[in-house]
Amino acid sequence: MVLGLDPDPRALWPLADGRESQARAGGSETPRPAQAAADAIVRHCRALIDAAGPACVAVKPQLARFELLGAAGWAALEAVIAHARGAGLLVIVDGKRGDIDVTAQAYAGALLGGADSPFGHIDGLRADLATVNPLMGGDAVEPFVSAARLLGSGVLVLVRTSNPGAADFEDLPLADSGRMWERIAMLVDRLGADGIGEAGLSDVGAVVGATEPGHLQRARELMGNAPFLLPGVGAQGGRVEELAAAFAPGRAGGLISASRSIAAAHQVAGGEPAAAARAEAERLRASAWELSDRFR
């Protein structure tokens with residue numbers, strides 16, 4: 001299981017109210033809205049990781065939620081990543097970056113290993129995996145792959161996404177053969193050919209939405225060694241039970257991601273937020289384990 005961290009300042013757990021915590025501490029100054037929201041988000045994410053993290057192998061912070069808050073948000077992201085690593089979890093940064101090669105190098109440096117400068121080395125987030133948008137082609141993805149390999153990390157390329165609008169372009173038939181997402185899958189397979197580890201999985205993986213499980217078998221045929229990140233379970237309607245094809249290479253072949261369905265589990269099941277989140281994460285993990293056992 002991958003615990004998605006998609007913290008909306010309007011929907012944080014009650015313990016994460018920054019204004020209340022400041023009042024309890026006797027603070028006299030009212031923090032700026034971005035800083036107050038960032039402080040509350042850090043508390044929320046830490047509590048969520050403590051509750052649901054034991055049922056997961058990784059966290060997946062959605063960068064937009066942190067970048068919305070400017071400098072305070074980036075500091076909050078670093079604090080949340082540090083807490084996740086302290087809990088023994090991998091970190092998948094979800095920014096879906098993609099641009100021309102020189103810009104892609106800068107994006108890759110920010111998310112992965114940083115960059116050298118005349119002023120010294122600039123640290124990046126050192127993520128274990130980063131999501132990448134391949135729309136501009138292979139030369140927009142390759143800088144991420146190169147940076148990830150230097151760090152011993154990996155990338156996850158958007159192949160067939162979970163949103164309803166994915167069909168607008170990703171499912172378009174191509175003049176020669178197949179559909180657009182299948183061409184991207186072939187790119188993933190090619191880029192990952194030199195990065196296959198002892199377990200048989202590549203360091204170049206794919207984002208394949210759980211909301212369209214009918215594509216999984218074909219995706220696995222085209223990307224036999226790629227780990228699949230499978231977003232869309234829960235709030236978007238995806239079901240773990242329909243994702244068996246992702247696990248053909250073994251348990252590590254599929255990374256099922258859930259965000260809102262875990263963080264907001266108490267709104268459905270009732271009770272205290274942390275307990276409900278832990279129970280939902282454990283339920284999803286048990287379902288994934290049962291599914292993946294077919295390929296052990």
# chains A, B, ... in the order shown; residues from 1 in each chain; ligands from 1
call {"tool": "residues_around", "arguments": {"residues": "segment 80-88 of chain A", "least_positions_apart": "3", "cutoff": "9 Å", "atoms": "only C-alpha atoms", "output": "list in words"}}
result
Ile41, Val42, Arg43, Cys45, Arg46, Ile49, Asp50, Gly53, Pro54, Val57, Ala58, Val59, Pro61, Ala75, Ala76, Leu77, Val91, Leu125 and Ala127 of chain A
call {"tool": "residues_around", "arguments": {"residues": "segment 254-262 of chain A", "least_positions_apart": "5", "cutoff": "8 Å", "atoms": "only C-alpha atoms", "output": "list in words"}}
result
Met1, Val2, Leu3, Gly4, Leu5, Asp6, Ala52, Pro227, Phe228, Leu229, Leu230, Pro231, Gly232, Val233, Gly234, Ala235, Val240, Ala246, Phe247, Ala276, Ala277, Arg278, Glu280, Ala281 and Ala288 of chain A
call {"tool": "closest_residue", "arguments": {"among": "A:Pro213, A:Gly224, A:Gly138, A:Gly109", "to": "Arg183 of chain A", "atoms": "only C-alpha atoms"}}
result
A:Gly138
call {"tool": "residues_around", "arguments": {"residues": "Leu243 of chain A", "least_positions_apart": "6", "cutoff": "8 Å", "atoms": "only C-alpha atoms", "output": "list in words"}}
result
Ala210, Pro213, Leu216 and Leu291 of chain A
call {"tool": "write_last_selection", "arguments": {"atoms": "N, CA and C atoms", "output": "mmCIF file, in the first residue's frame"}}
result
data_model
loop_
_atom_site.group_PDB
_atom_site.id
_atom_site.type_symbol
_atom_site.label_atom_id
_atom_site.label_comp_id
_atom_site.auth_asym_id
_atom_site.auth_seq_id
_atom_site.Cartn_x
_atom_site.Cartn_y
_atom_site.Cartn_z
ATOM 1 N N ALA A 210 -6.167 2.792 -11.428
ATOM 2 C CA ALA A 210 -6.985 1.664 -10.975
ATOM 3 C C ALA A 210 -8.433 1.784 -11.421
ATOM 4 N N PRO A 213 -9.349 -0.860 -14.935
ATOM 5 C CA PRO A 213 -8.584 -2.116 -14.816
ATOM 6 C C PRO A 213 -8.534 -2.929 -16.105
ATOM 7 N N LEU A 216 -5.098 -3.095 -17.723
ATOM 8 C CA LEU A 216 -3.945 -3.604 -16.993
ATOM 9 C C LEU A 216 -3.263 -4.783 -17.678
ATOM 10 N N LEU A 291 -4.629 -10.563 -3.138
ATOM 11 C CA LEU A 291 -4.573 -10.541 -4.588
ATOM 12 C C LEU A 291 -3.198 -10.947 -5.104
#
call {"tool": "residues_around", "arguments": {"residues": "Glu282 of chain A", "least_positions_apart": "3", "cutoff": "6 Å", "atoms": "only C-alpha atoms", "output": "PyMOL selection string"}}
result
chain A and resi 55+279+285
call {"tool": "atom_distance", "arguments": {"atom1": "atom CA of Asn225 of chain A", "atom2": "atom CA of Gly200 of chain A"}}
result
6.2 Å
call {"tool": "closest_residue", "arguments": {"among": "A:Thr103, A:Ser202, A:Ser292, A:Gln217", "to": "Phe144 of chain A", "atoms": "only C-alpha atoms"}}
result
A:Thr103
call {"tool": "residues_around", "arguments": {"residues": "Ser146 of chain A", "least_positions_apart": "4", "cutoff": "12 Å", "atoms": "only C-alpha atoms", "output": "ChimeraX atom specification"}}
result
/A:101,104-105,108-109,112-113,139-142,150-155,191-192,194-195,203-204
call {"tool": "write_last_selection", "arguments": {"atoms": "all heavy atoms", "output": "short mmCIF file (atom, residue, chain, number, x, y, z; two decimals), in the first residue's frame"}}
result
data_model
loop_
_atom_site.label_atom_id
_atom_site.label_comp_id
_atom_site.auth_asym_id
_atom_site.auth_seq_id
_atom_site.Cartn_x
_atom_site.Cartn_y
_atom_site.Cartn_z
N ASP A 101 14.54 19.15 -22.19
CA ASP A 101 15.57 18.46 -21.42
C ASP A 101 16.26 19.32 -20.36
O ASP A 101 16.47 18.86 -19.24
CB ASP A 101 16.60 17.81 -22.36
CG ASP A 101 17.20 18.80 -23.37
OD1 ASP A 101 16.83 19.99 -23.34
OD2 ASP A 101 18.04 18.37 -24.18
N ALA A 104 13.85 19.80 -17.61
CA ALA A 104 13.65 18.52 -16.94
C ALA A 104 14.80 18.21 -15.99
O ALA A 104 14.60 17.64 -14.91
CB ALA A 104 13.50 17.41 -17.97
N GLN A 105 16.01 18.59 -16.37
CA GLN A 105 17.16 18.39 -15.48
C GLN A 105 16.99 19.16 -14.18
O GLN A 105 17.33 18.67 -13.10
CB GLN A 105 18.44 18.82 -16.20
CG GLN A 105 18.87 17.91 -17.34
CD GLN A 105 20.00 18.50 -18.16
OE1 GLN A 105 20.58 19.51 -17.79
NE2 GLN A 105 20.31 17.87 -19.28
N ALA A 108 14.31 17.43 -12.15
CA ALA A 108 14.86 16.20 -11.59
C ALA A 108 15.77 16.50 -10.42
O ALA A 108 15.76 15.79 -9.40
CB ALA A 108 15.62 15.43 -12.68
N GLY A 109 16.58 17.57 -10.54
CA GLY A 109 17.44 17.94 -9.43
C GLY A 109 16.65 18.31 -8.19
O GLY A 109 17.00 17.93 -7.07
N LEU A 112 15.01 14.97 -6.87
CA LEU A 112 15.88 13.81 -6.63
C LEU A 112 17.19 14.24 -5.96
O LEU A 112 17.21 14.58 -4.80
CB LEU A 112 16.09 13.06 -7.93
CG LEU A 112 14.80 12.46 -8.53
CD1 LEU A 112 14.97 12.10 -9.99
CD2 LEU A 112 14.33 11.26 -7.72
N GLY A 113 18.29 14.23 -6.70
CA GLY A 113 19.59 14.39 -6.07
C GLY A 113 20.15 15.77 -5.97
O GLY A 113 21.30 15.95 -5.56
N ASP A 139 12.93 12.57 -24.64
CA ASP A 139 14.01 13.44 -24.16
C ASP A 139 13.58 14.29 -22.97
O ASP A 139 14.43 14.87 -22.27
CB ASP A 139 14.54 14.34 -25.29
CG ASP A 139 13.48 15.24 -25.89
OD1 ASP A 139 12.29 15.05 -25.60
OD2 ASP A 139 13.84 16.13 -26.69
N ALA A 140 12.28 14.35 -22.68
CA ALA A 140 11.80 15.03 -21.49
C ALA A 140 11.78 14.10 -20.28
O ALA A 140 11.68 14.57 -19.14
CB ALA A 140 10.39 15.58 -21.72
N VAL A 141 11.87 12.80 -20.53
CA VAL A 141 11.85 11.81 -19.45
C VAL A 141 13.26 11.37 -19.07
O VAL A 141 13.57 11.12 -17.90
CB VAL A 141 11.01 10.58 -19.86
CG1 VAL A 141 11.02 9.52 -18.76
CG2 VAL A 141 9.57 11.00 -20.17
N GLU A 142 14.14 11.30 -20.06
CA GLU A 142 15.48 10.76 -19.83
C GLU A 142 16.27 11.48 -18.74
O GLU A 142 16.98 10.82 -17.97
CB GLU A 142 16.26 10.73 -21.15
CG GLU A 142 15.76 9.65 -22.10
CD GLU A 142 16.31 9.80 -23.51
OE1 GLU A 142 16.94 10.84 -23.79
OE2 GLU A 142 16.08 8.89 -24.32
N LEU A 150 21.58 7.88 -10.68
CA LEU A 150 22.71 8.36 -9.89
C LEU A 150 22.42 8.27 -8.40
O LEU A 150 23.33 8.09 -7.58
CB LEU A 150 23.04 9.81 -10.27
CG LEU A 150 23.70 10.03 -11.63
CD1 LEU A 150 23.83 11.52 -11.91
CD2 LEU A 150 25.07 9.36 -11.69
N LEU A 151 21.15 8.39 -8.05
CA LEU A 151 20.74 8.40 -6.65
C LEU A 151 20.31 7.02 -6.16
O LEU A 151 20.15 6.80 -4.96
CB LEU A 151 19.58 9.39 -6.48
CG LEU A 151 19.14 9.78 -5.08
CD1 LEU A 151 20.27 10.46 -4.32
CD2 LEU A 151 17.92 10.69 -5.15
N GLY A 152 20.13 6.08 -7.11
CA GLY A 152 19.57 4.78 -6.73
C GLY A 152 18.07 4.83 -6.53
O GLY A 152 17.50 4.02 -5.80
N SER A 153 17.43 5.79 -7.18
CA SER A 153 15.98 5.96 -7.10
C SER A 153 15.34 5.51 -8.41
O SER A 153 15.98 4.85 -9.22
CB SER A 153 15.63 7.43 -6.81
OG SER A 153 16.16 7.84 -5.57
N GLY A 154 14.08 5.91 -8.63
CA GLY A 154 13.39 5.54 -9.86
C GLY A 154 12.37 6.59 -10.25
O GLY A 154 12.15 7.57 -9.53
N VAL A 155 11.76 6.38 -11.41
CA VAL A 155 10.71 7.28 -11.89
C VAL A 155 9.46 6.47 -12.24
O VAL A 155 9.54 5.28 -12.54
CB VAL A 155 11.17 8.10 -13.11
CG1 VAL A 155 12.38 8.94 -12.77
CG2 VAL A 155 11.45 7.21 -14.29
N LEU A 191 13.09 2.63 -21.86
CA LEU A 191 13.92 3.38 -20.92
C LEU A 191 14.33 2.55 -19.71
O LEU A 191 15.39 2.77 -19.12
CB LEU A 191 13.18 4.64 -20.46
CG LEU A 191 12.97 5.73 -21.51
CD1 LEU A 191 12.14 6.87 -20.92
CD2 LEU A 191 14.30 6.28 -22.01
N GLY A 192 13.49 1.60 -19.36
CA GLY A 192 13.78 0.80 -18.18
C GLY A 192 14.63 -0.43 -18.43
O GLY A 192 15.03 -1.12 -17.49
N ASP A 194 17.68 -0.90 -19.13
CA ASP A 194 19.01 -0.91 -18.52
C ASP A 194 18.95 -0.78 -17.00
O ASP A 194 20.00 -0.69 -16.36
CB ASP A 194 19.86 0.24 -19.08
CG ASP A 194 20.18 0.04 -20.55
OD1 ASP A 194 20.25 -1.11 -20.99
OD2 ASP A 194 20.35 1.06 -21.25
N GLY A 195 17.76 -0.77 -16.44
CA GLY A 195 17.65 -0.56 -15.00
C GLY A 195 16.90 -1.66 -14.28
O GLY A 195 16.25 -1.41 -13.26
N ASP A 203 13.81 0.27 -12.78
CA ASP A 203 13.75 1.53 -12.07
C ASP A 203 12.92 2.57 -12.82
O ASP A 203 12.81 3.71 -12.40
CB ASP A 203 15.15 2.08 -11.78
CG ASP A 203 16.01 2.22 -13.03
OD1 ASP A 203 15.50 1.97 -14.15
OD2 ASP A 203 17.20 2.57 -12.91
N VAL A 204 12.33 2.16 -13.93
CA VAL A 204 11.37 3.01 -14.65
C VAL A 204 10.03 2.32 -14.61
O VAL A 204 9.84 1.25 -15.20
CB VAL A 204 11.80 3.26 -16.10
CG1 VAL A 204 10.78 4.17 -16.81
CG2 VAL A 204 13.19 3.89 -16.16
#
